[in-house]
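Structure file entry.pdb (PDB, C-alpha atoms) is printed below.
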```pdb
ATOM      1  CA  MET A   1     128.366 121.236 132.027
ATOM      2  CA  GLN A   2     127.697 118.833 129.204
ATOM      3  CA  LEU A   3     124.119 118.679 128.045
ATOM      4  CA  PRO A   4     122.540 115.281 127.373
ATOM      5  CA  PRO A   5     122.108 114.425 123.710
ATOM      6  CA  ALA A   6     118.827 115.481 122.151
ATOM      7  CA  PRO A   7     116.351 112.657 121.626
ATOM      8  CA  PRO A   8     116.252 111.419 118.039
ATOM      9  CA  LEU A   9     113.624 113.024 115.844
ATOM     10  CA  LEU A  10     110.647 110.754 115.296
ATOM     11  CA  ARG A  11     110.386 110.023 111.601
ATOM     12  CA  LEU A  12     106.814 109.839 110.349
ATOM     13  CA  LEU A  13     105.719 107.634 107.453
ATOM     14  CA  GLY A  14     102.596 107.381 105.357
ATOM     15  CA  LEU A  15     102.317 104.459 102.973
ATOM     16  CA  ASP A  16      99.910 103.806 100.116
ATOM     17  CA  PHE A  17     100.048 100.050  99.538
ATOM     18  CA  THR A  18      99.355  97.810  96.567
ATOM     19  CA  SER A  19      99.539  94.031  96.715
ATOM     20  CA  ALA A  20     101.094  93.786  93.237
ATOM     21  CA  PRO A  21     103.480  96.724  92.863
ATOM     22  CA  THR A  22     105.227  97.602  89.610
ATOM     23  CA  ARG A  23     107.357 100.504  88.426
ATOM     24  CA  ARG A  24     104.232 101.992  86.881
ATOM     25  CA  LYS A  25     102.099 101.379  90.001
ATOM     26  CA  PRO A  26     104.508 101.243  92.963
ATOM     27  CA  ILE A  27     103.946 101.230  96.686
ATOM     28  CA  THR A  28     104.242 104.898  97.646
ATOM     29  CA  LEU A  29     105.983 106.050 100.818
ATOM     30  CA  ALA A  30     105.743 109.610 102.176
ATOM     31  CA  GLN A  31     108.127 110.737 104.909
ATOM     32  CA  GLY A  32     107.962 113.752 107.158
ATOM     33  CA  HIS A  33     108.361 115.123 110.663
ATOM     34  CA  ARG A  34     106.219 117.124 113.023
ATOM     35  CA  VAL A  35     107.096 120.390 114.757
ATOM     36  CA  GLY A  36     104.224 121.346 117.024
ATOM     37  CA  GLY A  37     101.120 121.689 114.903
ATOM     38  CA  LEU A  38     103.109 121.745 111.661
ATOM     39  CA  LEU A  39     103.837 118.658 109.572
ATOM     40  CA  ARG A  40     106.665 118.988 107.077
ATOM     41  CA  LEU A  41     106.773 116.658 104.093
ATOM     42  CA  ASP A  42     110.380 115.535 103.649
ATOM     43  CA  GLY A  43     109.845 113.470 100.515
ATOM     44  CA  VAL A  44     107.877 110.832  98.643
ATOM     45  CA  GLU A  45     109.455 107.586  97.496
ATOM     46  CA  ALA A  46     108.337 104.877  95.049
ATOM     47  CA  LEU A  47     108.829 101.227  96.089
ATOM     48  CA  PRO A  48     108.350  99.163  92.903
ATOM     49  CA  THR A  49     108.478  95.679  94.479
ATOM     50  CA  LEU A  50     107.367  93.918  97.655
ATOM     51  CA  ASP A  51     111.026  93.249  98.417
ATOM     52  CA  ALA A  52     111.664  97.003  98.294
ATOM     53  CA  PHE A  53     108.792  97.429 100.731
ATOM     54  CA  SER A  54     110.327  94.842 103.068
ATOM     55  CA  ALA A  55     113.694  96.589 102.865
ATOM     56  CA  SER A  56     112.105  99.924 103.790
ATOM     57  CA  LEU A  57     110.735  98.358 106.984
ATOM     58  CA  GLN A  58     114.277  97.547 108.130
ATOM     59  CA  ARG A  59     115.325 101.196 108.217
ATOM     60  CA  PRO A  60     116.278 102.071 111.779
ATOM     61  CA  GLY A  61     113.896 103.970 114.010
ATOM     62  CA  PRO A  62     112.518 105.689 115.734
ATOM     63  CA  TRP A  63     109.691 105.896 113.233
ATOM     64  CA  LEU A  64     105.926 105.673 113.300
ATOM     65  CA  GLY A  65     104.031 104.911 110.130
ATOM     66  CA  VAL A  66     100.438 104.688 108.994
ATOM     67  CA  PHE A  67      99.907 102.004 106.348
ATOM     68  CA  ASP A  68      96.931 101.866 104.000
ATOM     69  CA  LEU A  69      96.219  98.149 104.270
ATOM     70  CA  PRO A  70      94.086  96.142 106.705
ATOM     71  CA  PHE A  71      95.794  94.598 109.722
ATOM     72  CA  GLY A  72      92.972  92.228 110.662
ATOM     73  CA  LEU A  73      90.011  90.154 109.525
ATOM     74  CA  PRO A  74      86.411  90.321 110.788
ATOM     75  CA  ARG A  75      85.887  88.174 113.875
ATOM     76  CA  GLU A  76      82.588  86.923 112.456
ATOM     77  CA  LEU A  77      84.386  85.570 109.386
ATOM     78  CA  VAL A  78      87.212  83.971 111.348
ATOM     79  CA  GLN A  79      84.820  82.217 113.706
ATOM     80  CA  ALA A  80      82.670  80.938 110.833
ATOM     81  CA  LEU A  81      85.730  79.483 109.083
ATOM     82  CA  GLY A  82      87.143  77.881 112.231
ATOM     83  CA  TRP A  83      90.433  79.748 111.863
ATOM     84  CA  PRO A  84      92.672  80.668 114.845
ATOM     85  CA  LEU A  85      91.111  83.206 117.203
ATOM     86  CA  GLU A  86      94.420  84.777 118.225
ATOM     87  CA  TRP A  87      95.869  87.424 115.931
ATOM     88  CA  LEU A  88      99.403  86.122 115.286
ATOM     89  CA  PRO A  89      98.407  82.474 114.672
ATOM     90  CA  LEU A  90      95.606  83.762 112.445
ATOM     91  CA  MET A  91      98.022  85.860 110.376
ATOM     92  CA  ARG A  92     100.465  82.943 110.132
ATOM     93  CA  HIS A  93      97.636  80.720 108.870
ATOM     94  CA  TYR A  94      96.424  83.344 106.417
ATOM     95  CA  ALA A  95      99.934  83.711 105.000
ATOM     96  CA  THR A  96     100.006  79.998 104.076
ATOM     97  CA  LEU A  97      96.995  80.370 101.747
ATOM     98  CA  SER A  98      97.246  81.221  98.075
ATOM     99  CA  ARG A  99      95.213  84.074  96.642
ATOM    100  CA  ALA A 100      93.076  81.533  94.795
ATOM    101  CA  GLU A 101      92.340  79.769  98.094
ATOM    102  CA  ILE A 102      91.469  83.070  99.765
ATOM    103  CA  ARG A 103      89.136  84.023  96.933
ATOM    104  CA  ALA A 104      87.385  80.634  96.904
ATOM    105  CA  THR A 105      86.995  80.548 100.693
ATOM    106  CA  PHE A 106      85.639  84.073 100.970
ATOM    107  CA  ALA A 107      83.365  83.651  97.936
ATOM    108  CA  ALA A 108      81.835  80.530  99.498
ATOM    109  CA  PHE A 109      81.258  82.439 102.746
ATOM    110  CA  CYS A 110      79.516  85.255 100.861
ATOM    111  CA  ALA A 111      77.408  82.830  98.804
ATOM    112  CA  SER A 112      75.856  81.412 101.964
ATOM    113  CA  ARG A 113      74.651  84.818 103.178
ATOM    114  CA  PRO A 114      71.615  86.922 102.260
ATOM    115  CA  ALA A 115      71.716  89.775  99.757
ATOM    116  CA  GLY A 116      72.859  93.014 101.347
ATOM    117  CA  ALA A 117      74.908  91.214 103.986
ATOM    118  CA  LYS A 118      77.324  89.178 101.903
ATOM    119  CA  PHE A 119      80.505  90.451 103.558
ATOM    120  CA  ALA A 120      81.477  90.316 107.223
ATOM    121  CA  HIS A 121      82.719  93.639 108.599
ATOM    122  CA  ARG A 122      85.096  94.738 111.313
ATOM    123  CA  ARG A 123      83.813  97.173 113.929
ATOM    124  CA  CYS A 124      86.045  99.915 112.522
ATOM    125  CA  ASP A 125      84.598  99.683 108.997
ATOM    126  CA  GLY A 126      81.483 101.721 109.761
ATOM    127  CA  PRO A 127      83.198 104.641 111.548
ATOM    128  CA  ALA A 128      86.032 104.706 108.968
ATOM    129  CA  GLY A 129      83.834 104.145 105.895
ATOM    130  CA  SER A 130      86.292 101.462 104.772
ATOM    131  CA  SER A 131      85.812  98.354 102.652
ATOM    132  CA  PRO A 132      85.576  95.024 104.503
ATOM    133  CA  SER A 133      89.021  93.488 104.865
ATOM    134  CA  MET A 134      87.756  90.219 103.359
ATOM    135  CA  LYS A 135      86.957  91.890 100.029
ATOM    136  CA  TRP A 136      89.026  90.471  97.178
ATOM    137  CA  VAL A 137      87.972  92.861  94.372
ATOM    138  CA  ASN A 138      87.424  96.605  93.963
ATOM    139  CA  PRO A 139      89.573  97.080  96.025
ATOM    140  CA  PRO A 140      91.347  93.750  96.719
ATOM    141  CA  VAL A 141      92.084  94.563 100.358
ATOM    142  CA  ALA A 142      92.142  90.869 101.321
ATOM    143  CA  TYR A 143      95.171  90.468  99.052
ATOM    144  CA  MET A 144      96.732  93.622 100.506
ATOM    145  CA  LEU A 145      96.537  92.101 103.980
ATOM    146  CA  HIS A 146      97.961  88.846 102.599
ATOM    147  CA  ALA A 147     100.919  90.611 100.946
ATOM    148  CA  GLY A 148     101.649  93.242 103.564
ATOM    149  CA  VAL A 149     101.024  92.043 107.109
ATOM    150  CA  PRO A 150     103.315  88.952 106.996
ATOM    151  CA  ARG A 151     106.129  91.198 105.789
ATOM    152  CA  LEU A 152     105.532  93.628 108.660
ATOM    153  CA  ILE A 153     105.637  90.730 111.123
ATOM    154  CA  ASP A 154     108.779  89.235 109.582
ATOM    155  CA  ALA A 155     110.488  92.638 109.709
ATOM    156  CA  GLY A 156     110.006  92.729 113.484
ATOM    157  CA  VAL A 157     107.808  95.832 113.370
ATOM    158  CA  THR A 158     105.261  96.617 116.083
ATOM    159  CA  LEU A 159     101.740  96.531 114.644
ATOM    160  CA  ALA A 160      99.956  98.607 117.247
ATOM    161  CA  PRO A 161      97.952  97.548 119.133
ATOM    162  CA  LEU A 162      97.859  93.969 117.811
ATOM    163  CA  HIS A 163     101.447  92.734 117.876
ATOM    164  CA  ALA A 164     104.529  93.774 119.840
ATOM    165  CA  GLY A 165     107.786  94.067 117.928
ATOM    166  CA  ASP A 166     110.514  96.707 117.823
ATOM    167  CA  PRO A 167     109.174  99.653 119.876
ATOM    168  CA  GLY A 168     111.193 102.011 117.675
ATOM    169  CA  ARG A 169     109.409 100.914 114.494
ATOM    170  CA  VAL A 170     105.659 101.212 114.882
ATOM    171  CA  ALA A 171     103.037 100.612 112.197
ATOM    172  CA  LEU A 172      99.375 101.620 112.438
ATOM    173  CA  GLU A 173      96.547 100.779 110.079
ATOM    174  CA  GLY A 174      95.235 103.808 108.232
ATOM    175  CA  TYR A 175      92.741 104.721 105.556
ATOM    176  CA  PRO A 176      93.309 107.885 103.480
ATOM    177  CA  GLY A 177      89.698 107.947 102.305
ATOM    178  CA  LEU A 178      88.609 108.730 105.856
ATOM    179  CA  LEU A 179      90.489 112.029 105.858
ATOM    180  CA  ALA A 180      89.752 112.798 102.200
ATOM    181  CA  ARG A 181      86.000 112.524 102.773
ATOM    182  CA  GLU A 182      86.259 114.925 105.687
ATOM    183  CA  LEU A 183      87.763 117.491 103.312
ATOM    184  CA  ILE A 184      85.814 117.039 100.050
ATOM    185  CA  GLY A 185      82.870 114.804 100.888
ATOM    186  CA  ALA A 186      82.021 112.116  98.354
ATOM    187  CA  ARG A 187      83.816 113.770  95.420
ATOM    188  CA  SER A 188      86.231 111.491  93.550
ATOM    189  CA  TYR A 189      89.827 112.691  93.408
ATOM    190  CA  LYS A 190      91.743 109.824  91.776
ATOM    191  CA  SER A 191      91.667 106.995  89.260
ATOM    192  CA  ASP A 192      94.130 104.518  87.789
ATOM    193  CA  GLU A 193      92.311 104.730  84.457
ATOM    194  CA  ARG A 194      93.651 107.416  82.136
ATOM    195  CA  ALA A 195      90.197 108.005  80.632
ATOM    196  CA  ARG A 196      88.982 109.054  84.088
ATOM    197  CA  HIS A 197      91.705 111.647  84.682
ATOM    198  CA  THR A 198      89.168 114.455  84.585
ATOM    199  CA  PRO A 199      89.360 118.176  85.411
ATOM    200  CA  GLU A 200      86.906 117.547  88.256
ATOM    201  CA  ARG A 201      89.267 115.080  89.924
ATOM    202  CA  LEU A 202      92.180 117.496  89.437
ATOM    203  CA  ILE A 203      90.197 120.241  91.204
ATOM    204  CA  ALA A 204      89.327 117.800  93.998
ATOM    205  CA  ARG A 205      93.026 117.027  94.574
ATOM    206  CA  LYS A 206      93.796 120.742  94.651
ATOM    207  CA  ASP A 207      91.065 121.228  97.229
ATOM    208  CA  ILE A 208      92.427 118.424  99.431
ATOM    209  CA  VAL A 209      95.963 119.809  99.324
ATOM    210  CA  GLU A 210      94.784 123.342 100.061
ATOM    211  CA  ALA A 211      92.722 122.125 103.007
ATOM    212  CA  LEU A 212      95.672 120.168 104.406
ATOM    213  CA  GLU A 213      97.945 123.194 104.130
ATOM    214  CA  GLN A 214      95.384 125.354 105.920
ATOM    215  CA  GLY A 215      94.817 122.776 108.638
ATOM    216  CA  ARG A 216      91.101 122.369 107.970
ATOM    217  CA  THR A 217      90.766 118.922 109.544
ATOM    218  CA  ARG A 218      89.739 117.711 112.969
ATOM    219  CA  LEU A 219      93.304 116.420 113.443
ATOM    220  CA  GLY A 220      94.583 119.926 114.137
ATOM    221  CA  LEU A 221      97.637 119.883 111.855
ATOM    222  CA  ARG A 222      98.904 122.040 109.005
ATOM    223  CA  LEU A 223     100.879 120.433 106.190
ATOM    224  CA  LYS A 224     103.966 122.349 105.055
ATOM    225  CA  LEU A 225     104.858 121.838 101.392
ATOM    226  CA  ARG A 226     107.329 123.285  98.934
ATOM    227  CA  HIS A 227     105.855 124.534  95.653
ATOM    228  CA  ALA A 228     107.219 121.545  93.738
ATOM    229  CA  GLN A 229     105.767 119.121  96.283
ATOM    230  CA  ARG A 230     102.349 120.747  96.024
ATOM    231  CA  ASP A 231     102.410 120.539  92.238
ATOM    232  CA  ASP A 232     103.498 116.903  92.386
ATOM    233  CA  LEU A 233     100.648 115.870  94.680
ATOM    234  CA  VAL A 234      98.062 117.614  92.546
ATOM    235  CA  ALA A 235      99.462 116.299  89.240
ATOM    236  CA  ASP A 236      99.418 112.617  90.279
ATOM    237  CA  ALA A 237      96.048 111.568  88.851
ATOM    238  CA  SER A 238      96.319 108.099  90.437
ATOM    239  CA  GLY A 239      96.160 109.754  93.836
ATOM    240  CA  ASP A 240      98.823 107.423  95.213
ATOM    241  CA  ARG A 241     101.126 110.217  96.358
ATOM    242  CA  LEU A 242      98.280 112.156  97.902
ATOM    243  CA  ASP A 243      97.016 109.021  99.660
ATOM    244  CA  ALA A 244     100.478 108.445 101.131
ATOM    245  CA  VAL A 245     100.490 112.035 102.413
ATOM    246  CA  LEU A 246      97.003 111.633 103.889
ATOM    247  CA  CYS A 247      98.354 108.606 105.779
ATOM    248  CA  LEU A 248     101.331 110.730 106.845
ATOM    249  CA  VAL A 249      98.950 113.293 108.351
ATOM    250  CA  GLN A 250      97.235 110.501 110.283
ATOM    251  CA  ALA A 251     100.645 109.343 111.526
ATOM    252  CA  ALA A 252     101.514 112.858 112.698
ATOM    253  CA  TRP A 253      98.258 113.020 114.632
ATOM    254  CA  ALA A 254      98.753 109.568 116.170
ATOM    255  CA  SER A 255     102.311 110.426 117.241
ATOM    256  CA  THR A 256     101.065 112.703 120.048
ATOM    257  CA  GLN A 257      97.922 110.801 121.080
ATOM    258  CA  PRO A 258      97.787 108.501 124.104
ATOM    259  CA  GLY A 259      97.862 104.963 122.775
ATOM    260  CA  HIS A 260      98.215 106.395 119.245
ATOM    261  CA  GLY A 261      94.578 107.517 119.468
ATOM    262  CA  MET A 262      93.249 103.969 119.510
ATOM    263  CA  PRO A 263      90.078 103.088 121.456
ATOM    264  CA  PRO A 264      90.749 102.021 125.045
ATOM    265  CA  ARG A 265      88.998  98.733 124.276
ATOM    266  CA  LEU A 266      89.046  97.121 120.862
ATOM    267  CA  ASP A 267      88.825  93.720 119.272
ATOM    268  CA  SER A 268      92.271  92.145 119.535
ATOM    269  CA  LEU A 269      91.610  90.145 116.366
ATOM    270  CA  GLU A 270      90.267  92.950 114.167
ATOM    271  CA  GLY A 271      92.311  95.993 115.184
ATOM    272  CA  TRP A 272      91.313  99.578 114.399
ATOM    273  CA  ILE A 273      91.892 102.243 111.739
ATOM    274  CA  VAL A 274      93.791 105.180 113.188
ATOM    275  CA  SER A 275      91.804 108.419 113.625
ATOM    276  CA  ALA A 276      88.475 106.675 112.938
ATOM    277  CA  PRO A 277      85.917 107.970 115.435
ATOM    278  CA  TRP A 278      84.945 105.499 118.110
ATOM    279  CA  SER A 279      82.446 105.179 120.906
ATOM    280  CA  ALA A 280      82.300 102.953 123.969
ATOM    281  CA  THR A 281      79.724 100.831 122.150
ATOM    282  CA  ALA A 282      81.736 100.423 118.940
ATOM    283  CA  ALA A 283      84.971  99.617 120.735
ATOM    284  CA  ALA A 284      83.531  97.238 123.315
TER
END
```

Could you render the structure as structure tokens?
Amino acid sequence: MQLPPAPPLLRLLGLDFTSAPTRRKPITLAQGHRVGGLLRLDGVEALPTLDAFSASLQRPGPWLGVFDLPFGLPRELVQALGWPLEWLPLMRHYATLSRAEIRATFAAFCASRPAGAKFAHRRCDGPAGSSPSMKWVNPPVAYMLHAGVPRLIDAGVTLAPLHAGDPGRVALEGYPGLLARELIGARSYKSDERARHTPERLIARKDIVEALEQGRTRLGLRLKLRHAQRDDLVADASGDRLDAVLCLVQAAWASTQPGHGMPPRLDSLEGWIVSAPWSATAAA
């Protein structure tokens, strides 16, 4: 009796994104696979250009990845600007704008609003503790959306739950800071500035890695690392490699959750950050 072929192993991805990658500051891609409650890190790869990022999206599935960039804009902002109220036409419109046009448009929106409420927020921002996706500085997540989402669409990837593409290549929006804060609170663990590569941040990265290996998160997973991998994650003072791995952990969790762990009802324009807590009120 011939047994049927085993189903292909689901490849898991975690990606730390930058809208202007270089060899010194690349997009960082972590890859792994899950066996029960254990997540094995297979490797971490540097993507020094946006074209390299696009090429990585064409790798055959099945894979599921969590990407650290926003997939949507706040509905309040979109309505105020008179932009399309359906996700794909909105993203197509957004892609036609230059960064200067985005900055000027969003700055004008903020200038018309009272102090303390300059930015519009998505419903997932509060539960995730994330920056508003219209923010163009510190961090420039509006530019990350502008650089990343059109490339995901053009690659034919599914952006769950906003856009149906190849069911074997599925991207979810993630935020590594959500998981990092669960493990070390408000302590800083990374910086791109060499002068801020402090012993305190090094200890914080060690604490995050140790907690991930011991499975001390609400996601119920233990990260399996080789000694060299552990040293590499701790030594990277930028935190890019660790952020990619934090996204990988979120991907491993989402891979076994109904609907990837997304709320049963969410804003089809804004999307949701995977593993962010939600309530019936927040997701309505």

- [ ] Please write as a list in words the full residue list that the PyMOL selection byres ((chain A and resi 33-35) around 7) yields on this file.
- [x]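 When the PyMOL selection byres ((chain A and resi 33-35) around 7) is applied to the shown file, the picked residues are Leu10, Arg11, Leu12, Gly32, Gly36, Gly37, Leu38, Leu39, Arg40, Leu41 and Ala252 of chain A.
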
Can I get the selected residues back with C-alpha atoms, as a PDB file, keeping the file's coordinate frame?
```
ATOM      1  CA  LEU A  10     110.647 110.754 115.296  1.00  0.00           C
ATOM      2  CA  ARG A  11     110.386 110.023 111.601  1.00  0.00           C
ATOM      3  CA  LEU A  12     106.814 109.839 110.349  1.00  0.00           C
ATOM      4  CA  GLY A  32     107.962 113.752 107.158  1.00  0.00           C
ATOM      5  CA  GLY A  36     104.224 121.346 117.024  1.00  0.00           C
ATOM      6  CA  GLY A  37     101.120 121.689 114.903  1.00  0.00           C
ATOM      7  CA  LEU A  38     103.109 121.745 111.661  1.00  0.00           C
ATOM      8  CA  LEU A  39     103.837 118.658 109.572  1.00  0.00           C
ATOM      9  CA  ARG A  40     106.665 118.988 107.077  1.00  0.00           C
ATOM     10  CA  LEU A  41     106.773 116.658 104.093  1.00  0.00           C
ATOM     11  CA  ALA A 252     101.514 112.858 112.698  1.00  0.00           C
TER      12      ALA A 252
END
```

Open item on the list: One decimal, in Å: what's the spacing between CA of Ser255 in chain A and CA of Arg226 in chain A?
Closed with: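 So the two atoms, CA of Ser255 in chain A and CA of Arg226 in chain A, lie 22.9 Å apart.
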
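Between CA of Leu202 in chain A and CA of Ile184 in chain A the interatomic distance comes to 12.4 Å.
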
Result set, the PyMOL selection byres ((chain A and resi 79-82) around 12) on current file, as an mmCIF file with C-alpha atoms, in the coordinates of the input:
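Full text of out.cif as output:
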```
data_model
loop_
_atom_site.group_PDB
_atom_site.id
_atom_site.type_symbol
_atom_site.label_atom_id
_atom_site.label_comp_id
_atom_site.auth_asym_id
_atom_site.auth_seq_id
_atom_site.Cartn_x
_atom_site.Cartn_y
_atom_site.Cartn_z
ATOM 1 C CA LEU A 73 90.011 90.154 109.525
ATOM 2 C CA PRO A 74 86.411 90.321 110.788
ATOM 3 C CA ARG A 75 85.887 88.174 113.875
ATOM 4 C CA GLU A 76 82.588 86.923 112.456
ATOM 5 C CA LEU A 77 84.386 85.570 109.386
ATOM 6 C CA VAL A 78 87.212 83.971 111.348
ATOM 7 C CA TRP A 83 90.433 79.748 111.863
ATOM 8 C CA PRO A 84 92.672 80.668 114.845
ATOM 9 C CA LEU A 85 91.111 83.206 117.203
ATOM 10 C CA GLU A 86 94.420 84.777 118.225
ATOM 11 C CA LEU A 90 95.606 83.762 112.445
ATOM 12 C CA HIS A 93 97.636 80.720 108.870
ATOM 13 C CA TYR A 94 96.424 83.344 106.417
ATOM 14 C CA ILE A 102 91.469 83.070 99.765
ATOM 15 C CA THR A 105 86.995 80.548 100.693
ATOM 16 C CA PHE A 106 85.639 84.073 100.970
ATOM 17 C CA ALA A 108 81.835 80.530 99.498
ATOM 18 C CA PHE A 109 81.258 82.439 102.746
ATOM 19 C CA CYS A 110 79.516 85.255 100.861
ATOM 20 C CA SER A 112 75.856 81.412 101.964
ATOM 21 C CA ARG A 113 74.651 84.818 103.178
ATOM 22 C CA ALA A 120 81.477 90.316 107.223
ATOM 23 C CA LEU A 269 91.610 90.145 116.366
#
```

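For the set A:Leu47, A:Ile153, A:Val209, A:Ile203, the residue with the smallest atom-to-atom gap to Arg169 in chain A is A:Ile153, counting all atoms listed in the file.
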
So for range 145-148 of chain A, what box centre and size do we get, axis-aligned, 8 Å extra on each of the six sides, every listed atom, Å to one decimal, as JSON?
```
{"center_x": 99.1, "center_y": 91.0, "center_z": 102.5, "size_x": 21.1, "size_y": 20.4, "size_z": 19.0}
```

- [ ] Name all residues at most 12 Å from Pro199 in chain A (count all atoms listed in the file; drop same-chain ones fewer than 6 positions away) and give them as a PyMOL selection string.
- [x] chain A and resi 188-190+205-206+234-235+237

TODO: Record the distance separating CA of Gln229 in chain A and CA of Gly43 in chain A, expressed in Å with one decimal.
DONE: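 Pair CA of Gln229 in chain A / CA of Gly43 in chain A returns 8.2 Å.
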
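Proximity to Lys135 in chain A was assessed for A:Thr28, A:Lys118, A:Ala55, A:Ile273 counting all atoms listed in the file; the smallest distance is recorded for A:Lys118.
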
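Here the question is which of A:Ala104, A:Gln257, A:Thr49, A:Asp42 gets nearest to Arg23 in chain A using only C-alpha atoms, and that residue is A:Thr49.
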
Excluding Ile27 in chain A and its own-chain neighbours fewer than 5 positions away, which residues fall within 9 Å of it when counting only C-alpha atoms? Please give them as a CSV table (one decimal) with C-alpha atoms, in the coordinates of the input.
```
chain,number,residue,atom,x,y,z
A,15,LEU,CA,102.3,104.5,103.0
A,16,ASP,CA,99.9,103.8,100.1
A,17,PHE,CA,100.0,100.0,99.5
A,18,THR,CA,99.4,97.8,96.6
A,19,SER,CA,99.5,94.0,96.7
A,20,ALA,CA,101.1,93.8,93.2
A,21,PRO,CA,103.5,96.7,92.9
A,22,THR,CA,105.2,97.6,89.6
A,45,GLU,CA,109.5,107.6,97.5
A,46,ALA,CA,108.3,104.9,95.0
A,47,LEU,CA,108.8,101.2,96.1
A,48,PRO,CA,108.4,99.2,92.9
A,49,THR,CA,108.5,95.7,94.5
A,50,LEU,CA,107.4,93.9,97.7
A,52,ALA,CA,111.7,97.0,98.3
A,53,PHE,CA,108.8,97.4,100.7
A,240,ASP,CA,98.8,107.4,95.2
```

TODO: List, as a ChimeraX atom specification, every residue that the PyMOL selection byres ((chain A and resi 64) around 12) selects in the file provided.
DONE: /A:9-15,30-34,57,59-63,65-67,157-160,166-174,247-256,260

Kindly add all heavy atoms to the incomplete range 29-34 of chain A and provide the output as an mmCIF file, in the coordinates of the input.
```cif
data_model
loop_
_atom_site.group_PDB
_atom_site.id
_atom_site.type_symbol
_atom_site.label_atom_id
_atom_site.label_comp_id
_atom_site.auth_asym_id
_atom_site.auth_seq_id
_atom_site.Cartn_x
_atom_site.Cartn_y
_atom_site.Cartn_z
ATOM 1 N N LEU A 29 105.606 105.757 99.438
ATOM 2 C CA LEU A 29 105.983 106.050 100.818
ATOM 3 C C LEU A 29 106.277 107.539 100.973
ATOM 4 O O LEU A 29 107.173 108.072 100.325
ATOM 5 C CB LEU A 29 107.223 105.236 101.200
ATOM 6 C CG LEU A 29 107.811 105.478 102.593
ATOM 7 C CD1 LEU A 29 106.824 105.054 103.669
ATOM 8 C CD2 LEU A 29 109.130 104.728 102.748
ATOM 9 N N ALA A 30 105.505 108.203 101.831
ATOM 10 C CA ALA A 30 105.743 109.610 102.176
ATOM 11 C C ALA A 30 106.436 109.668 103.528
ATOM 12 O O ALA A 30 106.115 108.899 104.439
ATOM 13 C CB ALA A 30 104.431 110.376 102.216
ATOM 14 N N GLN A 31 107.396 110.577 103.658
ATOM 15 C CA GLN A 31 108.127 110.737 104.909
ATOM 16 C C GLN A 31 108.068 112.192 105.342
ATOM 17 O O GLN A 31 108.075 113.104 104.520
ATOM 18 C CB GLN A 31 109.586 110.314 104.739
ATOM 19 C CG GLN A 31 109.749 108.875 104.274
ATOM 20 C CD GLN A 31 111.200 108.455 104.213
ATOM 21 O OE1 GLN A 31 111.920 108.511 105.202
ATOM 22 N NE2 GLN A 31 111.639 108.017 103.043
ATOM 23 N N GLY A 32 108.019 112.389 106.646
ATOM 24 C CA GLY A 32 107.962 113.752 107.158
ATOM 25 C C GLY A 32 108.283 113.784 108.636
ATOM 26 O O GLY A 32 108.632 112.774 109.254
ATOM 27 N N HIS A 33 108.179 114.969 109.226
ATOM 28 C CA HIS A 33 108.361 115.123 110.663
ATOM 29 C C HIS A 33 107.460 116.249 111.162
ATOM 30 O O HIS A 33 107.083 117.147 110.403
ATOM 31 C CB HIS A 33 109.825 115.390 111.026
ATOM 32 C CG HIS A 33 110.365 116.688 110.506
ATOM 33 N ND1 HIS A 33 110.804 116.846 109.206
ATOM 34 C CD2 HIS A 33 110.513 117.896 111.111
ATOM 35 C CE1 HIS A 33 111.225 118.088 109.034
ATOM 36 N NE2 HIS A 33 111.048 118.745 110.167
ATOM 37 N N ARG A 34 107.149 116.177 112.424
ATOM 38 C CA ARG A 34 106.219 117.124 113.023
ATOM 39 C C ARG A 34 106.952 118.088 113.947
ATOM 40 O O ARG A 34 107.819 117.681 114.716
ATOM 41 C CB ARG A 34 105.140 116.364 113.814
ATOM 42 C CG ARG A 34 104.168 117.263 114.541
ATOM 43 C CD ARG A 34 103.037 116.491 115.193
ATOM 44 N NE ARG A 34 102.148 117.403 115.886
ATOM 45 C CZ ARG A 34 100.937 117.090 116.342
ATOM 46 N NH1 ARG A 34 100.469 115.865 116.162
ATOM 47 N NH2 ARG A 34 100.198 117.986 116.961
#
```
